[in-house]
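Inspection log for the structure reproduced underneath, given as structure tokens.
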Amino acid sequence: MEKYARQAISEGVKNGEDIGVNMDAEIIRALNLHYNRNNHLEIPEHFRYVVEQTLKEFFKAIQEQKDTETSWKKAIYKVIARLDEQVPEYFKSPTFLEQLE
């Protein structure tokens, strides 16, 4: 996230509200590759919204130079936590991983 926020700043983005993320964005692809390497799971639409909001929060913090403070990411994590959704029941199944194969 931080890398993409810094990239937006270096590309001249002045307002975090100008940052948009669609399902074809590089950041979605990178996160999916990292956390869903075998593409067993469909990416929920809400994920795009959370990524976009998180990116905006990182952008804003860096733009306001809060990244020079210790623990500057804690405030961002609190915002992200409010965007959490319930973990689907099928993830809690002891046979979940076997179902993916």
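Chain identifiers are assigned as A, B, and so on, following the order in which chains appear in the structure tokens; residues are numbered from 1 within each chain, and ligands are numbered from 1 in order of appearance.
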
For Val13 (chain A), please output as an NGL selection string all residues within 12 Å (counting only C-alpha atoms; exclusion window: fewer than 5 positions along the same chain). :A and (4-8 or 18-20 or 56 or 59-60 or 63)

Quick one: everything within 9 Å of region 70-76 of chain A, counting only C-alpha atoms, minus sequence neighbours fewer than 6 positions away in the same chain. Send it as number ranges by chain. A: 54, 57-58, 61

Just the selected residues (C-alpha atoms), exported as an mmCIF file, in the first residue's frame, please.
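Output (again12.cif):
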```cif
data_model
loop_
_atom_site.group_PDB
_atom_site.id
_atom_site.type_symbol
_atom_site.label_atom_id
_atom_site.label_comp_id
_atom_site.auth_asym_id
_atom_site.auth_seq_id
_atom_site.Cartn_x
_atom_site.Cartn_y
_atom_site.Cartn_z
ATOM 1 C CA THR A 54 -6.634 1.929 2.405
ATOM 2 C CA GLU A 57 -5.427 6.615 3.884
ATOM 3 C CA PHE A 58 -1.776 5.835 3.153
ATOM 4 C CA ALA A 61 -0.730 10.132 5.823
#
```

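Atom pair CA of Ile28 (chain A) / CA of Pro94 (chain A): separated by 28.1 Å.
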
Secondary structure check, helix (DSSP H, G or I) residues of chain A, as a PyMOL selection string: chain A and resi 2-10+16-18+26-35+45-63+66-68+74-82+89-92+96-100

When distances are computed from only C-alpha atoms, which of A:Ile62, A:Ala30, A:Val21, A:Leu100 shows the smallest separation from Glu45 (chain A)? A:Val21

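We find CA of Glu2 (chain A) and CA of Thr68 (chain A) to be spaced 13.1 Å apart.
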
Any idea what's packed within 12 Å of Glu85 (chain A), counting only C-alpha atoms, ignoring anything in its chain fewer than 3 positions away? Could you give it as a PyMOL selection string? chain A and resi 44+46-47+50+80-82+88-89

Take the residues that were just selected and, keeping all heavy atoms, output them as a short mmCIF file (atom, residue, chain, number, x, y, z; two decimals), in the first residue's frame.
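For reference, result-v5.cif as written:
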```cif
data_model
loop_
_atom_site.label_atom_id
_atom_site.label_comp_id
_atom_site.auth_asym_id
_atom_site.auth_seq_id
_atom_site.Cartn_x
_atom_site.Cartn_y
_atom_site.Cartn_z
N PRO A 44 -14.01 -10.74 -3.74
CA PRO A 44 -15.29 -10.04 -3.54
C PRO A 44 -15.18 -8.57 -3.95
O PRO A 44 -14.12 -7.96 -3.82
CB PRO A 44 -15.55 -10.18 -2.04
CG PRO A 44 -14.25 -10.51 -1.43
CD PRO A 44 -13.39 -11.13 -2.50
N HIS A 46 -16.28 -6.00 -2.49
CA HIS A 46 -15.96 -5.16 -1.33
C HIS A 46 -14.45 -5.02 -1.15
O HIS A 46 -13.96 -4.00 -0.64
CB HIS A 46 -16.60 -5.73 -0.06
CG HIS A 46 -16.39 -4.89 1.15
ND1 HIS A 46 -16.99 -3.66 1.32
CD2 HIS A 46 -15.64 -5.09 2.26
CE1 HIS A 46 -16.61 -3.15 2.48
NE2 HIS A 46 -15.79 -4.00 3.07
N PHE A 47 -13.69 -6.00 -1.59
CA PHE A 47 -12.24 -5.96 -1.48
C PHE A 47 -11.68 -4.76 -2.24
O PHE A 47 -10.78 -4.07 -1.75
CB PHE A 47 -11.64 -7.27 -2.02
CG PHE A 47 -10.15 -7.34 -1.92
CD1 PHE A 47 -9.52 -7.50 -0.70
CD2 PHE A 47 -9.37 -7.26 -3.05
CE1 PHE A 47 -8.14 -7.57 -0.60
CE2 PHE A 47 -7.98 -7.34 -2.97
CZ PHE A 47 -7.37 -7.49 -1.74
N VAL A 50 -12.16 -1.67 -0.14
CA VAL A 50 -11.24 -1.64 1.00
C VAL A 50 -9.83 -1.26 0.54
O VAL A 50 -9.16 -0.44 1.17
CB VAL A 50 -11.24 -2.98 1.77
CG1 VAL A 50 -10.15 -3.01 2.83
CG2 VAL A 50 -12.60 -3.23 2.38
N ILE A 80 -8.89 0.81 8.57
CA ILE A 80 -9.09 -0.44 7.82
C ILE A 80 -9.94 -1.42 8.62
O ILE A 80 -10.82 -2.09 8.07
CB ILE A 80 -7.73 -1.08 7.47
CG1 ILE A 80 -6.92 -0.16 6.55
CG2 ILE A 80 -7.93 -2.43 6.80
CD1 ILE A 80 -5.46 -0.57 6.43
N ALA A 81 -9.70 -1.51 9.91
CA ALA A 81 -10.44 -2.45 10.77
C ALA A 81 -11.95 -2.17 10.72
O ALA A 81 -12.76 -3.10 10.77
CB ALA A 81 -9.94 -2.37 12.20
N ARG A 82 -12.33 -0.92 10.58
CA ARG A 82 -13.76 -0.59 10.49
C ARG A 82 -14.38 -1.08 9.19
O ARG A 82 -15.60 -1.17 9.08
CB ARG A 82 -13.96 0.92 10.63
CG ARG A 82 -13.67 1.43 12.04
CD ARG A 82 -14.17 2.84 12.23
NE ARG A 82 -13.55 3.80 11.36
CZ ARG A 82 -12.57 4.64 11.70
NH1 ARG A 82 -12.11 4.63 12.93
NH2 ARG A 82 -12.07 5.48 10.83
N PRO A 88 -16.56 -15.50 6.15
CA PRO A 88 -17.58 -16.47 5.74
C PRO A 88 -17.42 -17.81 6.47
O PRO A 88 -16.30 -18.24 6.76
CB PRO A 88 -17.32 -16.65 4.24
CG PRO A 88 -16.58 -15.42 3.83
CD PRO A 88 -15.77 -15.01 5.02
N GLU A 89 -18.53 -18.45 6.74
CA GLU A 89 -18.54 -19.70 7.50
C GLU A 89 -17.71 -20.79 6.83
O GLU A 89 -17.06 -21.58 7.50
CB GLU A 89 -19.97 -20.19 7.72
CG GLU A 89 -20.73 -19.37 8.75
CD GLU A 89 -20.08 -19.38 10.13
OE1 GLU A 89 -19.66 -20.45 10.60
OE2 GLU A 89 -20.00 -18.30 10.73
#
```
